[in-house]
file input_22.cif (mmCIF, C-alpha atoms)
data_upload
#
loop_
_atom_site.label_atom_id
_atom_site.label_comp_id
_atom_site.auth_asym_id
_atom_site.auth_seq_id
_atom_site.Cartn_x
_atom_site.Cartn_y
_atom_site.Cartn_z
CA MET U 1 0.00 0.00 0.00
CA ALA U 2 1.14 3.56 -0.57
CA GLY U 3 0.64 6.97 0.92
CA GLY U 4 0.27 7.95 4.55
CA ASN U 5 1.86 5.74 7.18
CA TRP U 6 1.81 2.10 6.07
CA ALA U 7 2.32 1.01 9.68
CA THR U 8 -1.27 2.07 10.40
CA GLN U 9 -2.65 0.03 7.50
CA ASN U 10 -4.06 -3.49 7.68
CA LYS U 11 -1.06 -5.85 7.73
CA VAL U 12 -3.02 -9.06 8.35
CA LEU U 13 -3.07 -10.12 4.69
CA PRO U 14 0.14 -11.44 3.12
CA GLY U 15 1.38 -8.96 0.55
CA VAL U 16 3.78 -6.23 -0.41
CA TYR U 17 3.15 -2.84 1.25
CA ILE U 18 4.74 0.23 -0.25
CA ASN U 19 4.84 3.84 0.88
CA TYR U 20 6.46 6.45 -1.33
CA SER U 21 7.53 9.96 -0.55
CA GLY U 22 9.71 12.66 -1.98
CA ASN U 23 12.94 13.94 -0.53
CA GLY U 24 14.26 17.04 -2.20
CA ASN U 25 14.06 20.78 -2.64
CA ASN U 26 10.88 22.58 -3.60
CA PRO U 27 10.84 25.71 -5.74
CA SER U 28 9.67 29.01 -4.38
CA VAL U 29 5.91 29.51 -4.48
CA GLU U 30 6.58 32.51 -6.68
CA GLY U 31 8.84 30.56 -9.03
CA ASP U 32 8.17 29.14 -11.78
CA SER U 33 3.32 1.84 -20.37
CA GLY U 34 0.04 1.47 -21.99
CA ILE U 35 -3.27 0.10 -20.72
CA VAL U 36 -6.17 2.54 -20.49
CA GLY U 37 -9.66 2.51 -19.02
CA ILE U 38 -12.28 4.52 -20.95
CA PRO U 39 -15.95 5.01 -20.01
CA ALA U 40 -17.85 6.12 -23.10
CA ILE U 41 -21.33 7.00 -24.33
CA LEU U 42 -21.88 4.70 -27.32
CA PRO U 43 -24.70 3.86 -29.74
CA TRP U 44 -24.13 0.10 -29.47
CA LEU U 45 -22.22 -2.67 -27.61
CA LYS U 46 -23.09 -4.50 -24.42
CA GLU U 47 -24.03 -2.14 -21.64
CA LYS U 48 -22.24 -1.86 -18.29
CA THR U 49 -19.51 -4.35 -19.24
CA LEU U 50 -15.75 -3.90 -19.66
CA ILE U 51 -14.71 -4.75 -23.20
CA SER U 52 -11.03 -5.40 -23.87
CA LEU U 53 -9.86 -3.83 -27.13
CA THR U 54 -6.61 -4.13 -29.06
CA ARG U 55 -5.71 -1.67 -31.81
CA LYS U 56 -7.07 -4.03 -34.47
CA GLU U 57 -10.40 -4.41 -32.67
CA SER U 58 -10.69 -0.68 -32.10
CA LYS U 59 -10.28 -0.01 -35.83
CA SER U 60 -13.42 -2.06 -36.47
CA LEU U 61 -15.38 0.01 -33.95
CA GLU U 62 -14.05 3.24 -35.41
CA SER U 63 -15.22 2.09 -38.84
CA ASP U 64 -18.70 1.19 -37.55
CA PHE U 65 -19.29 4.06 -35.13
CA GLY U 66 -17.50 6.96 -36.82
CA LYS U 67 -17.51 10.07 -34.62
CA ASP U 68 -19.16 8.09 -31.80
CA ALA U 69 -15.87 6.21 -31.43
CA LEU U 70 -13.87 9.41 -30.93
CA LEU U 71 -12.67 8.54 -27.42
CA ILE U 72 -11.46 5.14 -28.59
CA THR U 73 -9.66 6.69 -31.56
CA GLU U 74 -7.87 9.27 -29.41
CA ALA U 75 -6.86 6.79 -26.69
CA MET U 76 -5.52 4.33 -29.26
CA LYS U 77 -3.19 6.88 -30.86
CA ASN U 78 -0.65 6.07 -28.13
CA SER U 79 -1.86 3.07 -26.14
CA ALA U 80 -2.01 -0.56 -27.20
CA HIS U 81 -4.88 -1.80 -25.06
CA VAL U 82 -8.12 -0.17 -23.97
CA PHE U 83 -10.69 -1.39 -21.48
CA LEU U 84 -13.85 0.17 -22.89
CA PHE U 85 -17.00 0.51 -20.80
CA ARG U 86 -20.33 1.65 -22.22
CA VAL U 87 -21.89 3.76 -19.47
CA ASN U 88 -25.19 4.56 -21.17
CA THR U 89 -28.28 2.36 -21.50
CA GLY U 90 -31.20 3.33 -23.74
CA GLU U 91 -33.97 1.59 -25.64
CA LYS U 92 -33.49 -1.34 -28.02
CA ALA U 93 -34.60 -0.94 -31.62
CA ALA U 94 -37.24 -3.43 -32.72
CA ALA U 95 -39.54 -4.42 -35.56
CA THR U 96 -42.36 -6.93 -36.10
CA ILE U 97 -42.68 -8.74 -39.44
CA GLY U 98 -45.86 -10.79 -39.41
CA ASN U 99 -45.35 -13.28 -36.58
CA LEU U 100 -41.63 -12.51 -36.25
CA VAL U 101 -40.38 -10.08 -33.61
CA CYS U 102 -36.88 -8.68 -34.24
CA THR U 103 -35.18 -6.98 -31.28
CA ALA U 104 -31.73 -5.41 -31.35
CA LEU U 105 -29.31 -7.23 -29.10
CA TYR U 106 -28.25 -3.98 -27.40
CA SER U 107 -29.84 -0.60 -26.83
CA GLY U 108 -28.79 2.41 -28.86
CA ALA U 109 -29.35 4.35 -32.05
CA TYR U 110 -27.03 1.97 -33.95
CA GLY U 111 -29.88 -0.56 -33.84
CA ASN U 112 -31.96 1.73 -36.08
CA ARG U 113 -29.51 0.94 -38.89
CA LEU U 114 -30.51 -2.74 -38.81
CA SER U 115 -33.17 -4.30 -41.01
CA VAL U 116 -34.49 -7.79 -41.72
CA SER U 117 -35.77 -9.26 -44.98
CA ILE U 118 -37.38 -12.66 -45.57
CA GLU U 119 -37.10 -14.47 -48.89
CA ASN U 120 -38.19 -17.83 -50.23
CA THR U 121 -35.19 -20.13 -50.38
CA VAL U 122 -34.27 -20.98 -53.95
CA GLY U 123 -34.76 -24.69 -54.64
CA GLN U 124 -36.11 -25.52 -51.17
CA THR U 125 -39.86 -25.63 -50.73
CA SER U 126 -41.18 -24.30 -47.41
CA LYS U 127 -37.80 -22.82 -46.47
CA TYR U 128 -36.99 -19.14 -45.98
CA ASP U 129 -33.83 -17.04 -45.97
CA VAL U 130 -33.97 -14.59 -43.06
CA ILE U 131 -31.39 -11.91 -43.80
CA THR U 132 -30.05 -9.27 -41.37
CA TRP U 133 -28.76 -6.04 -42.90
CA LEU U 134 -26.64 -3.18 -41.55
CA ASP U 135 -27.63 -0.28 -43.78
CA THR U 136 -27.25 -1.92 -47.21
CA THR U 137 -24.74 -4.62 -46.21
CA GLU U 138 -25.83 -8.20 -45.54
CA ILE U 139 -24.37 -9.27 -42.19
CA ASP U 140 -26.23 -12.52 -41.43
CA ARG U 141 -28.33 -15.10 -43.31
CA GLN U 142 -30.20 -18.08 -41.89
CA THR U 143 -32.19 -20.66 -43.85
CA VAL U 144 -35.06 -21.96 -41.72
CA ALA U 145 -38.53 -23.45 -41.93
CA ASP U 146 -40.16 -21.31 -39.24
CA ILE U 147 -39.49 -18.86 -36.42
CA THR U 148 -38.53 -21.52 -33.87
CA SER U 149 -35.50 -22.46 -35.99
CA LEU U 150 -34.07 -18.94 -35.95
CA ALA U 151 -31.08 -18.27 -33.68
CA ALA U 152 -30.02 -14.88 -32.38
CA ASN U 153 -27.04 -13.45 -34.26
CA LYS U 154 -24.56 -10.78 -33.15
CA TRP U 155 -27.07 -8.01 -33.79
CA ILE U 156 -30.65 -9.23 -33.41
CA ALA U 157 -32.63 -11.62 -31.21
CA PHE U 158 -35.67 -13.27 -32.80
CA SER U 159 -38.92 -14.35 -31.15
CA LYS U 160 -42.52 -15.02 -32.11
CA ALA U 161 -45.34 -12.52 -31.67
CA ALA U 162 -48.00 -15.21 -31.24
CA THR U 163 -48.39 -18.97 -31.20
CA ASP U 164 -48.15 -19.06 -34.98
CA THR U 165 -44.52 -19.61 -36.00
CA THR U 166 -44.99 -19.14 -39.74
CA LEU U 167 -42.64 -16.77 -41.56
CA SER U 168 -43.90 -14.32 -44.16
CA VAL U 169 -41.91 -13.09 -47.16
CA ASN U 170 -40.89 -9.47 -46.65
CA ALA U 171 -38.79 -7.13 -48.79
CA GLY U 172 -37.18 -5.59 -45.72
CA THR U 173 -38.26 -3.94 -42.49
CA THR U 174 -36.02 -1.53 -40.59
CA LEU U 175 -35.78 -1.69 -36.82
CA SER U 176 -36.70 1.52 -35.03
CA GLY U 177 -36.98 3.04 -31.57
CA GLY U 178 -33.36 2.55 -30.57
CA THR U 179 -32.04 5.29 -28.25
CA ASN U 180 -28.67 5.80 -26.61
CA GLY U 181 -29.86 6.98 -23.20
CA ASN U 182 -27.93 9.18 -20.78
CA PRO U 183 -25.51 7.87 -18.13
CA THR U 184 -25.80 8.70 -14.44
CA SER U 185 -23.22 8.99 -11.70
CA ALA U 186 -24.09 5.41 -10.71
CA ASP U 187 -23.07 4.23 -14.19
CA TYR U 188 -19.62 5.78 -13.76
CA VAL U 189 -19.35 4.18 -10.33
CA ASP U 190 -20.04 0.83 -12.01
CA PHE U 191 -17.19 1.54 -14.42
CA LEU U 192 -14.78 2.37 -11.60
CA ASN U 193 -15.82 -0.75 -9.67
CA GLN U 194 -15.01 -2.91 -12.68
CA ILE U 195 -11.81 -1.13 -13.77
CA GLU U 196 -10.52 -1.53 -10.21
CA LEU U 197 -10.31 -5.28 -10.86
CA GLN U 198 -8.01 -4.78 -13.88
CA THR U 199 -4.41 -3.70 -14.31
CA VAL U 200 -4.39 -0.29 -15.99
CA ASN U 201 -1.90 2.56 -16.22
CA ALA U 202 -4.33 5.42 -16.78
CA VAL U 203 -8.07 6.09 -16.68
CA ALA U 204 -9.90 8.84 -18.56
CA CYS U 205 -12.79 10.80 -17.09
CA PRO U 206 -14.48 12.12 -20.25
CA THR U 207 -17.08 14.29 -18.55
CA ASP U 208 -17.04 17.75 -17.04
CA ASP U 209 -19.71 16.90 -14.47
CA ALA U 210 -18.27 18.06 -11.12
CA ASP U 211 -19.72 15.17 -9.14
CA ILE U 212 -18.40 12.55 -11.54
CA LYS U 213 -14.97 14.19 -11.64
CA ALA U 214 -14.94 14.05 -7.84
CA LEU U 215 -15.66 10.31 -8.04
CA PHE U 216 -12.66 9.75 -10.32
CA ILE U 217 -10.36 11.86 -8.17
CA ALA U 218 -11.43 9.98 -5.03
CA PHE U 219 -10.90 6.72 -6.94
CA ALA U 220 -7.31 7.68 -7.83
CA LYS U 221 -6.53 8.60 -4.24
CA ARG U 222 -7.99 5.37 -2.89
CA MET U 223 -6.21 3.21 -5.47
CA ILE U 224 -2.82 4.77 -4.78
CA ASN U 225 -2.99 5.58 -1.07
CA ASP U 226 -4.99 2.60 0.20
CA ASP U 227 -4.95 -0.23 -2.34
CA GLY U 228 -1.44 0.01 -3.76
CA LYS U 229 -2.62 0.24 -7.38
CA TYR U 230 -0.53 2.79 -9.20
CA LEU U 231 -2.44 4.57 -11.95
CA GLN U 232 -3.25 8.10 -13.01
CA VAL U 233 -6.70 9.52 -13.69
CA VAL U 234 -7.11 12.18 -16.39
CA VAL U 235 -9.91 14.72 -15.88
CA PRO U 236 -10.87 17.98 -17.59
CA ASP U 237 -10.06 21.21 -15.75
CA SER U 238 -9.45 20.24 -12.13
CA GLU U 239 -7.19 21.40 -9.31
CA ALA U 240 -7.10 18.13 -7.38
CA ASN U 241 -3.60 18.71 -5.92
CA PHE U 242 -2.68 15.04 -6.27
CA GLU U 243 0.03 13.34 -8.30
CA GLY U 244 -2.41 10.65 -9.40
CA VAL U 245 -4.65 13.17 -11.20
CA ILE U 246 -3.87 14.95 -14.47
CA SER U 247 -5.95 17.97 -15.52
CA VAL U 248 -6.50 18.86 -19.19
CA LYS U 249 -7.19 22.57 -19.66
CA ASN U 250 -7.98 23.03 -23.37
CA GLY U 251 -8.60 21.02 -26.53
CA VAL U 252 -7.40 20.70 -30.12
CA ILE U 253 -8.59 20.74 -33.73
CA LEU U 254 -7.72 17.67 -35.83
CA GLU U 255 -6.65 17.64 -39.48
CA ASP U 256 -10.17 16.80 -40.67
CA GLY U 257 -11.67 19.68 -38.65
CA THR U 258 -12.89 17.52 -35.77
CA HIS U 259 -12.98 19.43 -32.50
CA ILE U 260 -11.51 17.52 -29.56
CA ASP U 261 -12.48 19.54 -26.50
CA ASN U 262 -10.70 19.13 -23.17
CA VAL U 263 -13.26 16.52 -22.11
CA ALA U 264 -12.57 14.24 -25.08
CA ALA U 265 -8.83 15.02 -24.89
CA THR U 266 -8.73 13.18 -21.55
CA ALA U 267 -8.82 9.96 -23.60
CA TYR U 268 -5.81 11.07 -25.65
CA ILE U 269 -3.78 12.07 -22.59
CA ALA U 270 -4.73 8.86 -20.77
CA GLY U 271 -3.46 6.86 -23.75
CA ALA U 272 -0.32 8.98 -24.06
CA THR U 273 0.38 8.71 -20.33
CA ALA U 274 -0.09 4.96 -20.31
CA GLY U 275 2.02 4.44 -23.41
CA CYS U 276 4.89 6.82 -22.68
CA PRO U 277 8.26 5.01 -22.21
CA LEU U 278 9.95 5.62 -18.86
CA LYS U 279 12.88 7.39 -20.52
CA GLU U 280 10.61 9.90 -22.23
CA SER U 281 8.42 12.82 -21.26
CA LEU U 282 5.27 14.22 -22.84
CA THR U 283 6.62 17.75 -22.44
CA ASN U 284 6.69 19.27 -25.94
CA ALA U 285 5.33 16.01 -27.39
CA ASN U 286 3.16 16.35 -30.50
CA TYR U 287 -0.57 15.76 -30.22
CA ILE U 288 -0.92 13.24 -33.04
CA GLY U 289 -3.21 14.47 -35.81
CA ALA U 290 -3.83 17.92 -34.31
CA VAL U 291 -3.25 21.09 -36.33
CA ASP U 292 -4.42 23.75 -33.87
CA VAL U 293 -5.70 24.33 -30.36
CA ASP U 294 -9.28 25.33 -29.59
CA GLU U 295 -8.17 28.02 -27.13
CA ARG U 296 -4.86 29.85 -27.18
CA TYR U 297 -3.23 31.19 -24.05
CA THR U 298 -0.73 33.96 -23.49
CA THR U 299 2.62 33.16 -21.95
CA ALA U 300 1.41 34.63 -18.65
CA GLN U 301 -1.67 32.39 -18.75
CA GLN U 302 0.42 29.33 -19.54
CA ILE U 303 2.63 30.07 -16.54
CA GLU U 304 -0.39 30.40 -14.26
CA TYR U 305 -1.95 27.19 -15.55
CA ALA U 306 1.33 25.35 -15.05
CA LYS U 307 1.51 26.64 -11.47
CA SER U 308 -2.09 25.46 -10.99
CA GLY U 309 -1.26 21.96 -12.24
CA HIS U 310 -3.03 22.04 -15.61
CA MET U 311 -1.78 20.33 -18.75
CA VAL U 312 -2.11 22.75 -21.67
CA PHE U 313 -1.95 22.27 -25.45
CA ILE U 314 -0.09 24.96 -27.40
CA PRO U 315 0.56 25.60 -31.10
CA SER U 316 4.07 24.55 -31.99
CA PRO U 317 6.36 27.61 -31.76
CA VAL U 318 8.25 26.40 -34.83
CA GLY U 319 5.11 26.29 -36.97
CA GLY U 320 4.08 23.43 -39.18
CA ASN U 321 0.42 23.37 -38.08
CA SER U 322 1.16 21.09 -35.16
CA VAL U 323 0.20 21.07 -31.50
CA LEU U 324 2.41 20.34 -28.49
CA ILE U 325 1.77 19.38 -24.89
CA GLN U 326 3.23 22.35 -23.05
CA LYS U 327 4.35 20.53 -19.89
CA ASP U 328 3.92 16.94 -18.68
CA ILE U 329 2.58 17.70 -15.21
CA ASN U 330 -0.12 16.51 -12.84
CA THR U 331 -2.25 18.47 -10.38
CA LEU U 332 0.14 18.32 -7.42
CA THR U 333 0.84 21.98 -6.57
CA VAL U 334 1.14 22.13 -2.77
CA PHE U 335 4.55 20.68 -1.97
CA THR U 336 5.60 19.11 1.32
CA SER U 337 8.57 17.12 2.59
CA SER U 338 6.91 13.90 1.40
CA ARG U 339 5.32 15.22 -1.81
CA THR U 340 7.91 17.37 -3.50
CA TYR U 341 8.04 19.34 -6.74
CA ALA U 342 9.57 16.33 -8.51
CA MET U 343 6.36 14.40 -7.93
CA SER U 344 4.38 16.97 -9.90
CA LYS U 345 6.28 15.78 -12.99
CA ASN U 346 4.51 12.90 -14.70
CA LYS U 347 7.76 11.42 -15.95
CA VAL U 348 8.87 11.01 -12.36
CA ILE U 349 5.49 9.61 -11.35
CA ARG U 350 5.55 7.07 -14.17
CA ILE U 351 8.98 5.92 -13.02
CA LEU U 352 7.86 5.81 -9.39
CA PHE U 353 4.65 3.92 -10.19
CA ASN U 354 6.54 1.50 -12.42
CA ILE U 355 8.97 0.78 -9.58
CA CYS U 356 6.11 0.33 -7.11
CA ASN U 357 4.38 -2.14 -9.43
CA GLU U 358 7.59 -4.04 -10.16
CA ILE U 359 8.51 -4.37 -6.48
CA SER U 360 4.98 -5.49 -5.68
CA ASN U 361 4.96 -8.05 -8.49
CA ARG U 362 8.39 -9.44 -7.60
CA GLY U 363 7.53 -9.55 -3.93
CA MET U 364 4.31 -11.48 -4.49
CA LEU U 365 5.71 -13.78 -7.17
CA TYR U 366 9.07 -14.70 -5.65
CA TYR U 367 9.14 -13.85 -1.94
CA SER U 368 5.83 -13.64 -0.08
CA GLY U 369 5.18 -17.09 1.35
CA LYS U 370 8.26 -18.55 -0.40
CA VAL U 371 11.47 -17.19 1.15
CA ALA U 372 12.61 -17.53 4.77
CA ASN U 373 12.54 -14.34 6.85
CA ASN U 374 16.17 -14.57 7.91
CA GLU U 375 19.32 -12.66 7.03
CA ASP U 376 19.87 -14.66 3.85
CA GLY U 377 16.28 -14.16 2.70
CA ARG U 378 16.40 -10.43 3.32
CA LYS U 379 19.74 -10.11 1.50
CA LEU U 380 18.27 -12.01 -1.42
CA PHE U 381 15.41 -9.53 -1.66
CA GLN U 382 17.78 -6.57 -1.38
CA SER U 383 20.04 -7.99 -4.09
CA ASP U 384 17.10 -8.63 -6.42
CA ILE U 385 15.73 -5.09 -6.17
CA LEU U 386 19.22 -3.60 -6.47
CA SER U 387 19.68 -5.54 -9.70
CA TYR U 388 16.36 -4.16 -10.95
CA PHE U 389 17.38 -0.59 -10.05
CA ARG U 390 20.67 -1.03 -11.89
CA SER U 391 18.80 -2.20 -14.99
CA LEU U 392 16.80 1.04 -14.83
CA GLU U 393 20.05 2.95 -14.43
CA ALA U 394 21.45 1.28 -17.54
CA GLU U 395 18.33 2.36 -19.43
CA GLY U 396 18.76 5.97 -18.30
CA VAL U 397 15.70 5.92 -16.04
CA LEU U 398 17.54 6.19 -12.69
CA HIS U 399 20.96 7.60 -11.87
CA ASP U 400 23.65 6.96 -9.23
CA VAL U 401 22.21 3.69 -7.96
CA ALA U 402 24.09 2.37 -4.90
CA PRO U 403 23.63 -0.69 -2.63
CA GLU U 404 22.90 1.55 0.34
CA ASP U 405 19.82 2.84 -1.51
CA ILE U 406 18.01 -0.30 -0.32
CA THR U 407 17.89 -1.31 3.32
CA VAL U 408 16.02 -4.42 4.45
CA SER U 409 15.38 -5.21 8.10
CA LYS U 410 13.22 -7.58 10.09
CA GLY U 411 9.77 -6.26 10.96
CA GLU U 412 8.04 -6.35 14.33
CA LEU U 413 6.03 -9.41 13.32
CA ILE U 414 7.70 -12.74 12.67
CA ASP U 415 6.58 -12.77 9.03
CA ALA U 416 7.38 -9.14 8.13
CA ILE U 417 10.30 -7.27 6.63
CA VAL U 418 10.72 -3.49 6.42
CA VAL U 419 12.37 -2.05 3.31
CA GLN U 420 13.43 1.50 2.56
CA TYR U 421 14.46 2.70 -0.87
CA GLY U 422 16.24 5.72 -2.25
CA VAL U 423 15.67 6.36 -5.95
CA ARG U 424 16.92 9.14 -8.20
CA PRO U 425 14.74 9.41 -11.32
CA VAL U 426 16.25 10.98 -14.43
CA ASP U 427 14.08 13.85 -15.66
CA VAL U 428 14.35 15.61 -19.01
CA ILE U 429 15.66 19.08 -19.78
CA GLU U 430 12.69 21.44 -19.88
CA THR U 431 13.97 24.90 -19.02
CA ILE U 432 17.08 26.25 -20.75
CA TYR U 433 18.58 29.49 -19.42
CA ASN U 434 20.91 31.19 -21.88
CA THR U 435 23.10 34.25 -21.80
CA ILE U 436 24.41 35.62 -25.06
CA VAL U 437 27.09 38.29 -24.90
CA VAL U 438 27.79 40.34 -28.01
CA GLU U 439 31.39 41.46 -28.12
CA GLY U 440 33.21 43.77 -30.44
#
call {"tool": "encode", "arguments": {"input": "input_22.cif", "output": "C-alpha cells"}}
result
Amino acid sequence: MAGGNWATQNKVLPGVYINYSGNGNNPSVEGDSGIVGIPAILPWLKEKTLISLTRKESKSLESDFGKDALLITEAMKNSAHVFLFRVNTGEKAAATIGNLVCTALYSGAYGNRLSVSIENTVGQTSKYDVITWLDTTEIDRQTVADITSLAANKWIAFSKAATDTTLSVNAGTTLSGGTNGNPTSADYVDFLNQIELQTVNAVACPTDDADIKALFIAFAKRMINDDGKYLQVVVPDSEANFEGVISVKNGVILEDGTHIDNVAATAYIAGATAGCPLKESLTNANYIGAVDVDERYTTAQQIEYAKSGHMVFIPSPVGGNSVLIQKDINTLTVFTSSRTYAMSKNKVIRILFNICNEISNRGMLYYSGKVANNEDGRKLFQSDILSYFRSLEAEGVLHDVAPEDITVSKGELIDAIVVQYGVRPVDVIETIYNTIVVEG
C-alpha cells in the first residue's frame, strides 16, 4: 500500500506494502506503459460491461461508429490496449414482421440501422432465408422453416409474436426506436468498480460533471494511497492537488476539422500517459493528428496554468500546423517534505509507479510465502531489487544507484520485513537558461 503511514494500514493479509515519498528541494511559491480505461457514451455494444480492445479491434469500432468512437480513436493513438465501458443504457430498436419479432441485441441508435428481410429459399420448398442487414450490407443469413428455428445473431434476437410460427416473405423492415440513453453517476461508479479489478496505467474521465470528476479523483486517491494500485486519472479542468490526477485545460482541432475539446482530450492524454516510455516525457510532445488548439493562451496564462497543475496544449512555436503538450505535469501543486516538486512531474510519477508495481509483483511472485525471513532471505530480496534498479540505471531511467539505496530489516512481526528505498529518477531538460554576450 502507498501513501500515509503504512504502519497504520491493515497488515493481516500477506502482501507487499509500499509507501512512497519525496525527498528534495521545492521551488519558491513565486517561481516558476500502456493500458487505459475509458468510459464512453456509445450507440451500441453491451451495456455496463468492460470490453477489452486491441488496436485491431478498435479499428473495427471506429469504422462502424465513426464520430461516436472518438474517445477510442484518441486513446488508441498512443496506447495498445483499452478497457472500454459503455456507461449509457437506452432503448433497443425493434420491428415486427408478421409473426416474427426482431429486437436489437443492445440498446442504442445503432440498432436503427438494422433491417431484416425474408425471402423464399431458392430450390427448397417451405424454407426461408432470413437476412439481417446493416444499412445496405448483408451481415447474417439463416435458412429456416419457421421462427422456432431462428437463432439470435450478433445483432438481433428473434422471437414469435404469437403462437403461430410461420414466416412471411418481406422485402425488408427496418428496426426503429433505438435510443442511446444518458448515463448517471451510478453508471460511472459501475465503471470504476469494474476497472478496479483490472491492471491499468491510466483512466480517462471524459465528462465535465463536477460530481463525476470528484468520483474519479477519489478513486485515484484510494487506489494509490490505500490499495497500492498505481495509476493516473485524467480529468478535464481540475485542481485536485494530487500526483495521481492529471488535468486537461484546453482542446485541439484535428486535421479533418474535428474538435476535440478538453473533455474528449482526456482519452488522448490517458493513452499517451499509459504508453509513454519511462525514458521519455510528454513535455513538448506532438498531439498526433492535431493542427491547432481550440483556445490559445498567453505566456502569462500558460505560466499560471502550469503553477495550478493544468496540462495545456499549445501551437508549436516552430510552426508546421502542429500542437504540443506544453508541460507533462499533474495536479500536485502544494509541496511538502513527502510530496515534493519532482512528484508533480509525470515522468517522475511514471517511473515511481513502475517501480512500485515491479517491487509489488516481484515480492508477491518470488518472496511472499516462499522465502525464509532470515538474514539470507532479506539479503536475497535486497540484491534482487538492487539488480532491478541497476537495470533502470542502464536504461537511463535512474541515476547513481548504490547498494545503500536499499535497506532491508526484520519487521516487528515474525513474518514481516521493512524495506526503505532511495531512488533518483532521471528527468528531461525542460527549461534552458541562456546568456548571449555580443562582443566587439
call {"tool": "closest_residue", "arguments": {"input": "input_22.cif", "among": "U:Gly319, U:Gly251, U:Gly111, U:Gly411", "to": "Asn180 of chain U", "atoms": "all atoms listed in the file"}}
result
U:Gly111
call {"tool": "residues_around", "arguments": {"input": "input_22.cif", "residues": "Pro206 of chain U", "least_positions_apart": "6", "cutoff": "7 Å", "atoms": "all atoms listed in the file", "output": "PDB file with C-alpha atoms, keeping the file's coordinate frame"}}
result
ATOM      1  CA  VAL U 235      -9.910  14.720 -15.880  1.00  0.00           C
ATOM      2  CA  VAL U 263     -13.260  16.520 -22.110  1.00  0.00           C
ATOM      3  CA  ALA U 264     -12.570  14.240 -25.080  1.00  0.00           C
ATOM      4  CA  THR U 266      -8.730  13.180 -21.550  1.00  0.00           C
ATOM      5  CA  ALA U 267      -8.820   9.960 -23.600  1.00  0.00           C
TER       6      ALA U 267
END
call {"tool": "closest_residue", "arguments": {"input": "input_22.cif", "among": "U:Ser316, U:Ser149, U:Thr331, U:Ser281", "to": "Ile217 of chain U", "atoms": "all atoms listed in the file"}}
result
U:Thr331
call {"tool": "resolve_selection", "arguments": {"input": "input_22.cif", "expression": "the PyMOL selection byres ((chain U and resi 40) around 12)", "output": "compact mmCIF listing (two decimals) with C-alpha atoms, keeping the file's coordinate frame"}}
result
# COMPACT_ATOMS: atom_id res chain seq x y z
CA GLY U 37 -9.66 2.51 -19.02
CA ILE U 38 -12.28 4.52 -20.95
CA PRO U 39 -15.95 5.01 -20.01
CA ILE U 41 -21.33 7.00 -24.33
CA LEU U 42 -21.88 4.70 -27.32
CA PRO U 43 -24.70 3.86 -29.74
CA TRP U 44 -24.13 0.10 -29.47
CA LEU U 45 -22.22 -2.67 -27.61
CA LYS U 46 -23.09 -4.50 -24.42
CA GLU U 47 -24.03 -2.14 -21.64
CA LYS U 48 -22.24 -1.86 -18.29
CA THR U 49 -19.51 -4.35 -19.24
CA LEU U 50 -15.75 -3.90 -19.66
CA ILE U 51 -14.71 -4.75 -23.20
CA ASP U 68 -19.16 8.09 -31.80
CA ALA U 69 -15.87 6.21 -31.43
CA LEU U 70 -13.87 9.41 -30.93
CA LEU U 71 -12.67 8.54 -27.42
CA ILE U 72 -11.46 5.14 -28.59
CA THR U 73 -9.66 6.69 -31.56
CA ALA U 75 -6.86 6.79 -26.69
CA VAL U 82 -8.12 -0.17 -23.97
CA PHE U 83 -10.69 -1.39 -21.48
CA LEU U 84 -13.85 0.17 -22.89
CA PHE U 85 -17.00 0.51 -20.80
CA ARG U 86 -20.33 1.65 -22.22
CA VAL U 87 -21.89 3.76 -19.47
CA ASN U 88 -25.19 4.56 -21.17
CA THR U 89 -28.28 2.36 -21.50
CA ASN U 180 -28.67 5.80 -26.61
CA ASN U 182 -27.93 9.18 -20.78
CA PRO U 183 -25.51 7.87 -18.13
CA ASP U 187 -23.07 4.23 -14.19
CA TYR U 188 -19.62 5.78 -13.76
CA PHE U 191 -17.19 1.54 -14.42
CA VAL U 203 -8.07 6.09 -16.68
CA ALA U 204 -9.90 8.84 -18.56
CA CYS U 205 -12.79 10.80 -17.09
CA PRO U 206 -14.48 12.12 -20.25
CA THR U 207 -17.08 14.29 -18.55
CA VAL U 263 -13.26 16.52 -22.11
CA ALA U 264 -12.57 14.24 -25.08
CA THR U 266 -8.73 13.18 -21.55
CA ALA U 267 -8.82 9.96 -23.60
call {"tool": "residues_around", "arguments": {"input": "input_22.cif", "residues": "Arg390 of chain U", "least_positions_apart": "2", "cutoff": "12 Å", "atoms": "all atoms listed in the file", "output": "list of chain:residue names"}}
result
U:Ser383, U:Asp384, U:Ile385, U:Leu386, U:Ser387, U:Tyr388, U:Leu392, U:Glu393, U:Ala394, U:Glu395, U:Gly396, U:Val397, U:Leu398, U:His399, U:Asp400, U:Val401, U:Ala402, U:Pro403, U:Asp405, U:Ile406, U:Val423, U:Arg424
call {"tool": "atom_distance", "arguments": {"input": "input_22.cif", "atom1": "atom CA of Glu119 of chain U", "atom2": "atom CA of Val169 of chain U"}}
result
5.3 Å
call {"tool": "resolve_selection", "arguments": {"input": "input_22.cif", "expression": "the PyMOL selection byres ((chain U and resi 297) around 10)", "output": "list in words"}}
result
Asn250, Val293, Glu295, Arg296, Thr298, Thr299, Ala300, Gln301, Gln302, Ile303, Tyr305, Val312, Phe313, Ile314 and Pro315 of chain U
call {"tool": "closest_residue", "arguments": {"input": "input_22.cif", "among": "U:Ala210, U:Arg350, U:Val130, U:Lys410", "to": "Ser185 of chain U", "atoms": "only C-alpha atoms"}}
result
U:Ala210
call {"tool": "closest_residue", "arguments": {"input": "input_22.cif", "among": "U:Asn284, U:Asn201, U:Thr132, U:Asn153", "to": "Thr173 of chain U", "atoms": "only C-alpha atoms"}}
result
U:Thr132
call {"tool": "atom_distance", "arguments": {"input": "input_22.cif", "atom1": "atom CA of Asn112 of chain U", "atom2": "atom CA of Gly90 of chain U"}}
result
12.5 Å
call {"tool": "closest_residue", "arguments": {"input": "input_22.cif", "among": "U:Val36, U:Leu282, U:Met223, U:His259", "to": "Asn193 of chain U", "atoms": "all atoms listed in the file"}}
result
U:Met223
call {"tool": "residues_around", "arguments": {"input": "input_22.cif", "residues": "Leu352 of chain U", "least_positions_apart": "4", "cutoff": "9 Å", "atoms": "all atoms listed in the file", "output": "mmCIF file with C-alpha atoms, in the coordinates of the input"}}
result
data_model
loop_
_atom_site.group_PDB
_atom_site.id
_atom_site.type_symbol
_atom_site.label_atom_id
_atom_site.label_comp_id
_atom_site.auth_asym_id
_atom_site.auth_seq_id
_atom_site.Cartn_x
_atom_site.Cartn_y
_atom_site.Cartn_z
ATOM 1 C CA TYR U 20 6.460 6.450 -1.330
ATOM 2 C CA TYR U 230 -0.530 2.790 -9.200
ATOM 3 C CA MET U 343 6.360 14.400 -7.930
ATOM 4 C CA LYS U 347 7.760 11.420 -15.950
ATOM 5 C CA VAL U 348 8.870 11.010 -12.360
ATOM 6 C CA CYS U 356 6.110 0.330 -7.110
ATOM 7 C CA ASN U 357 4.380 -2.140 -9.430
ATOM 8 C CA VAL U 423 15.670 6.360 -5.950
ATOM 9 C CA PRO U 425 14.740 9.410 -11.320
#
